[in-house]
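Engineer: Questions regarding the structure given below will be posed in turn.
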Amino acid sequence: MTDFAETTRLLFARPWVFLKGCVRVSDLPADDVIEIALAGRSNVGKSSLINALVGQHGLARTSNTPGRTQELNLFAPETGGIRLVDMPGYGFAKAPRPTVEKWTRLIHQFLRGRPNLRRVYVLVDARHGPKANDATVMNELDTAAVSYQVVLTKADKLREQDLAGVVKATEQFIAKRPAAHPEIILTSSEKGLGIDTLRAEIARLREGY
Ligand code: GTP
Ligand code: MG
């Protein structure tokens, strides 16, 4: 195994812990550790992807009902050095309108204003492709110059022959976006697809390159 593969393995072999849930940005811990956030529409699979990455099912709470995650939930390996931020979803959620508006404000404040936010993974359901509210978030990240990358989720729900078309359409969607990483990552938390690729990227970001 190469040194870097071993670094990646060790990072995700460690137990990861839940640090804190924040309902407002003033609840966030000090910004002295890099953070990587998972954003996306309600029910796209953000919390499931965190569990798949850290290999601990049930660490982040998931649900069939959109609107499960209601705070900025921070996770970290026991030895620190990086945090993963599970975010409430935007768009449809089974929650009262003022509540959804509160989450939406929180999401936007965090994405725009967190100095230690190194990368945002914008999760998009592979069956549906990017939607208008994904574009709103991407516009905001472009304006704030926060680096982001699109992760297609639930690839297991598509037929094999349809996957390349979805990836291509998504590549075109982000082609002219200045802060978007040009590569799209295709994932399935259920089948483990793309998880090693994401782990290696996160380990690389933690190492500072
Ligand atoms: P909110 O917190 O409500 O915004 O949702 P979320 O984006 O965190 O989604 P969550 O991880 O809770 O998953 C939503 C539903 O999608 C759950 O029923 C998951 O089991 C399902 N799901 C997540 N990832 C996958 C996947 O890769 N494949 C399949 N088939 N289902 C998935
Ligand atoms: Mg969630």
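Every chain in the structure tokens takes a letter, A first, then B, and so on in the order presented; its residues are numbered from 1, and the ligands are numbered from 1 following the presented order.
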Let me have all residues with an atom within 6 Å of ligand 2, counting only C-alpha atoms and all ligand atoms, laid out as a compact mmCIF listing (two decimals) with C-alpha atoms, in the first residue's frame.
Structural biologist:
# COMPACT_ATOMS: atom_id res chain seq x y z
CA LYS A 46 -26.29 13.48 2.71
CA SER A 47 -26.48 11.74 6.07
CA THR A 62 -31.18 9.18 8.15
CA ARG A 68 -34.55 14.56 8.84
CA THR A 69 -31.41 16.63 9.46
Engineer: Fewer than 4 positions away in the same chain doesn't count, so skip those; otherwise give me all residues within 12 Å of A:Val120, counting only C-alpha atoms, as an NGL selection string.
Structural biologist: :A and (34-40 or 46 or 83-87 or 107 or 110-112 or 114 or 116 or 137-138 or 140-142 or 144-151 or 179-181 or 198 or 201-202 or 205)
Engineer: May I have a table of the residues of chain A lying at most 6 Å from ligand 1, giving each one's closest pair of atoms and their distance in Å to one decimal, counting only C-alpha atoms and all ligand atoms, ordered by chain and ascending residue number, as a Markdown table?
Structural biologist:
| residue | atom | partner | partner_atom_place_in_ligand_line | distance |
| --- | --- | --- | --- | --- |
| A:Ser42 | CA | ligand 1 | 4 (O) | 3.4 |
| A:Asn43 | CA | ligand 1 | 5 (O) | 3.4 |
| A:Val44 | CA | ligand 1 | 7 (O) | 4.0 |
| A:Gly45 | CA | ligand 1 | 9 (O) | 3.4 |
| A:Lys46 | CA | ligand 1 | 7 (O) | 3.8 |
| A:Ser47 | CA | ligand 1 | 8 (O) | 3.8 |
| A:Ser48 | CA | ligand 1 | 11 (O) | 3.6 |
| A:Thr62 | CA | ligand 1 | 12 (O) | 3.3 |
| A:Ser63 | CA | ligand 1 | 12 (O) | 4.2 |
| A:Asn64 | CA | ligand 1 | 18 (O) | 3.6 |
| A:Pro66 | CA | ligand 1 | 3 (O) | 3.8 |
| A:Gly67 | CA | ligand 1 | 3 (O) | 3.4 |
| A:Arg68 | CA | ligand 1 | 3 (O) | 3.8 |
| A:Thr69 | CA | ligand 1 | 2 (O) | 3.6 |
| A:Pro88 | CA | ligand 1 | 4 (O) | 5.0 |
| A:Gly89 | CA | ligand 1 | 4 (O) | 3.5 |
| A:Thr153 | CA | ligand 1 | 27 (O) | 5.6 |
| A:Lys154 | CA | ligand 1 | 27 (O) | 3.7 |
| A:Asp156 | CA | ligand 1 | 28 (N) | 5.7 |
| A:Lys157 | CA | ligand 1 | 30 (N) | 5.7 |
| A:Ser188 | CA | ligand 1 | 27 (O) | 3.5 |
| A:Ser189 | CA | ligand 1 | 27 (O) | 3.7 |
| A:Glu190 | CA | ligand 1 | 27 (O) | 4.3 |
Engineer: Running DSSP on the backbone, which parts of stretch 109-152 of chain A land in helix (DSSP H, G or I), as an MDAnalysis selection string?
Structural biologist: chainID A and resid 109:113 132:144
Engineer: Go ahead and save the picked residues with C-alpha atoms, as a short mmCIF file (atom, residue, chain, number, x, y, z; two decimals), in the first residue's frame.
Structural biologist:
data_model
loop_
_atom_site.label_atom_id
_atom_site.label_comp_id
_atom_site.auth_asym_id
_atom_site.auth_seq_id
_atom_site.Cartn_x
_atom_site.Cartn_y
_atom_site.Cartn_z
CA GLN A 109 -25.09 31.75 6.10
CA PHE A 110 -22.83 28.78 6.66
CA LEU A 111 -21.91 28.27 3.01
CA ARG A 112 -21.17 31.96 2.45
CA GLY A 113 -19.38 32.82 5.62
CA ALA A 132 -33.05 25.22 -9.67
CA ASN A 133 -32.28 25.26 -5.94
CA ASP A 134 -28.98 23.44 -6.61
CA ALA A 135 -28.14 26.21 -9.07
CA THR A 136 -28.93 28.82 -6.38
CA VAL A 137 -26.49 27.19 -3.99
CA MET A 138 -23.84 26.82 -6.70
CA ASN A 139 -24.23 30.49 -7.65
CA GLU A 140 -23.67 31.42 -4.05
CA LEU A 141 -20.57 29.24 -3.77
CA ASP A 142 -19.22 30.68 -7.02
CA THR A 143 -19.74 34.21 -5.66
CA ALA A 144 -18.13 33.38 -2.31
#
Engineer: Calculate how many Å separate atom CA of A:Ala203 from atom CA of A:Arg14, rounding to one decimal.
Structural biologist: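 Interatomic distance, atom CA of A:Ala203 to atom CA of A:Arg14: 12.7 Å.
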Engineer: Between A:Leu49, A:Gly21, A:Phe92, A:Arg118, single out the one closest to A:Asn73, counting only C-alpha atoms.
Structural biologist: A:Gly21
Engineer: Give me the residues near A:Glu78 as an mmCIF file with all heavy atoms, in the first residue's frame, where near means some atom within 8 Å (using only C-alpha atoms) and where sequence neighbours in that chain fewer than 3 positions away do not count.
Structural biologist:
data_model
loop_
_atom_site.group_PDB
_atom_site.id
_atom_site.type_symbol
_atom_site.label_atom_id
_atom_site.label_comp_id
_atom_site.auth_asym_id
_atom_site.auth_seq_id
_atom_site.Cartn_x
_atom_site.Cartn_y
_atom_site.Cartn_z
ATOM 1 N N ARG A 14 -10.453 5.099 11.833
ATOM 2 C CA ARG A 14 -10.630 5.605 13.201
ATOM 3 C C ARG A 14 -12.101 5.704 13.533
ATOM 4 O O ARG A 14 -12.904 5.981 12.655
ATOM 5 C CB ARG A 14 -10.130 7.060 13.251
ATOM 6 C CG ARG A 14 -8.683 7.184 13.212
ATOM 7 C CD ARG A 14 -8.375 8.669 13.080
ATOM 8 N NE ARG A 14 -7.009 8.807 12.720
ATOM 9 C CZ ARG A 14 -6.495 9.884 12.168
ATOM 10 N NH1 ARG A 14 -7.244 10.917 11.898
ATOM 11 N NH2 ARG A 14 -5.240 9.927 11.894
ATOM 12 N N PRO A 15 -12.438 5.611 14.780
ATOM 13 C CA PRO A 15 -13.821 5.946 15.102
ATOM 14 C C PRO A 15 -14.061 7.444 14.840
ATOM 15 O O PRO A 15 -13.205 8.264 15.153
ATOM 16 C CB PRO A 15 -13.941 5.642 16.601
ATOM 17 C CG PRO A 15 -12.677 5.002 17.017
ATOM 18 C CD PRO A 15 -11.658 5.227 15.957
ATOM 19 N N TRP A 16 -15.179 7.740 14.242
ATOM 20 C CA TRP A 16 -15.615 9.134 14.088
ATOM 21 C C TRP A 16 -16.702 9.388 15.124
ATOM 22 O O TRP A 16 -17.469 8.480 15.461
ATOM 23 C CB TRP A 16 -16.162 9.371 12.677
ATOM 24 C CG TRP A 16 -15.076 9.549 11.651
ATOM 25 C CD1 TRP A 16 -14.137 8.616 11.296
ATOM 26 C CD2 TRP A 16 -14.824 10.710 10.861
ATOM 27 N NE1 TRP A 16 -13.304 9.131 10.332
ATOM 28 C CE2 TRP A 16 -13.706 10.412 10.037
ATOM 29 C CE3 TRP A 16 -15.425 11.975 10.747
ATOM 30 C CZ2 TRP A 16 -13.193 11.336 9.133
ATOM 31 C CZ3 TRP A 16 -14.911 12.890 9.839
ATOM 32 C CH2 TRP A 16 -13.796 12.573 9.048
ATOM 33 N N VAL A 17 -16.745 10.629 15.590
ATOM 34 C CA VAL A 17 -17.710 10.960 16.634
ATOM 35 C C VAL A 17 -18.546 12.174 16.230
ATOM 36 O O VAL A 17 -18.119 12.993 15.413
ATOM 37 C CB VAL A 17 -17.008 11.254 17.988
ATOM 38 C CG1 VAL A 17 -16.363 9.995 18.545
ATOM 39 C CG2 VAL A 17 -15.974 12.368 17.859
#
Engineer: Excluding A:Gly129 and any residue of its chain fewer than 6 positions from it, enumerate the residues within 8 Å of it, using only C-alpha atoms, and give them as a compact mmCIF listing (two decimals) with all heavy atoms, in the first residue's frame.
Structural biologist:
# COMPACT_ATOMS: atom_id res chain seq x y z
N LEU A 152 -23.10 12.78 -7.40
CA LEU A 152 -24.39 12.17 -7.76
C LEU A 152 -24.64 11.01 -6.80
O LEU A 152 -23.75 10.19 -6.56
CB LEU A 152 -24.37 11.68 -9.20
CG LEU A 152 -24.32 12.79 -10.26
CD1 LEU A 152 -24.04 12.19 -11.65
CD2 LEU A 152 -25.60 13.61 -10.29
N VAL A 166 -26.29 10.81 -17.37
CA VAL A 166 -26.53 11.69 -16.22
C VAL A 166 -25.24 12.43 -15.86
O VAL A 166 -25.24 13.63 -15.60
CB VAL A 166 -27.02 10.88 -15.00
CG1 VAL A 166 -27.20 11.76 -13.79
CG2 VAL A 166 -28.30 10.16 -15.32
N ALA A 169 -24.63 15.16 -18.50
CA ALA A 169 -25.54 16.30 -18.34
C ALA A 169 -25.12 17.16 -17.15
O ALA A 169 -25.16 18.39 -17.19
CB ALA A 169 -26.97 15.80 -18.17
N THR A 170 -24.67 16.50 -16.09
CA THR A 170 -24.26 17.24 -14.89
C THR A 170 -22.96 18.00 -15.16
O THR A 170 -22.78 19.13 -14.72
CB THR A 170 -24.11 16.28 -13.69
OG1 THR A 170 -25.29 15.48 -13.62
CG2 THR A 170 -23.92 17.01 -12.40
Engineer: Excluding A:Pro29 and any residue of its chain fewer than 5 positions from it, enumerate the residues within 10 Å of it, using only C-alpha atoms, and give them as a PyMOL selection string.
Structural biologist: chain A and resi 19-20+22+74
Engineer: Export, as a short mmCIF file (atom, residue, chain, number, x, y, z; two decimals), in the first residue's frame, the selected residues with C-alpha atoms.
Structural biologist:
data_model
loop_
_atom_site.label_atom_id
_atom_site.label_comp_id
_atom_site.auth_asym_id
_atom_site.auth_seq_id
_atom_site.Cartn_x
_atom_site.Cartn_y
_atom_site.Cartn_z
CA LEU A 19 -19.21 16.73 17.88
CA LYS A 20 -22.12 19.13 17.91
CA CYS A 22 -25.75 23.83 15.55
CA LEU A 74 -20.45 18.23 12.90
#
Engineer: Considering only C-alpha atoms, can you say which of A:Phe4, A:Arg127, A:Glu183, A:Gln172 comes closest to A:Arg159?
Structural biologist: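 Between A:Phe4, A:Arg127, A:Glu183, A:Gln172, the residue approaching A:Arg159 most closely is A:Arg127.
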Engineer: Please indicate the distance in Å from atom CA of A:Lys131 to atom CA of A:Tyr90, rounded to one decimal place.
Structural biologist: 11.1 Å
Engineer: Work out how far atom CA of A:Gln70 is from atom CA of A:Lys94, in Å to one decimal.
Structural biologist: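 Distance reported for this atom pair: 11.2 Å.
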Engineer: Can you work out which one of A:Thr2, A:Thr99, A:Gln56, A:Thr8 has the shortest atom-to-atom distance to A:Thr197, counting only C-alpha atoms?
Structural biologist: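 For A:Thr197, the nearest of the given residues is A:Thr8.
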Engineer: Of the candidates A:Gly55, A:Tyr209, A:Asp3, A:Ala155, which shows the shortest atom-to-atom distance to A:Gly194, using only C-alpha atoms?
Structural biologist: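 Selected residue with least distance to A:Gly194: A:Ala155.
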Engineer: From the list A:Glu207, A:Trp103, A:Ala126, A:Leu158, which residue is nearest A:Leu72 when using only C-alpha atoms?
Structural biologist: A:Trp103
Engineer: When distances are computed from only C-alpha atoms, which of A:Ile82, A:Leu163, A:Thr104, A:Phe18 shows the smallest separation from A:Arg61?
Structural biologist: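 Looking only at the distances to A:Arg61, the closest residue turns out to be A:Phe18.
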Engineer: Can you check which residues of chain A DSSP gives as strand (DSSP E or B) on the backbone and send them as JSON, numbers by chain?
Structural biologist: {"A": [16, 17, 18, 19, 20, 21, 22, 35, 36, 37, 38, 39, 40, 41, 72, 73, 74, 75, 76, 77, 83, 84, 85, 86, 90, 117, 118, 119, 120, 121, 122, 123, 124, 125, 148, 149, 150, 151, 152, 153, 180, 185, 186, 188, 193]}
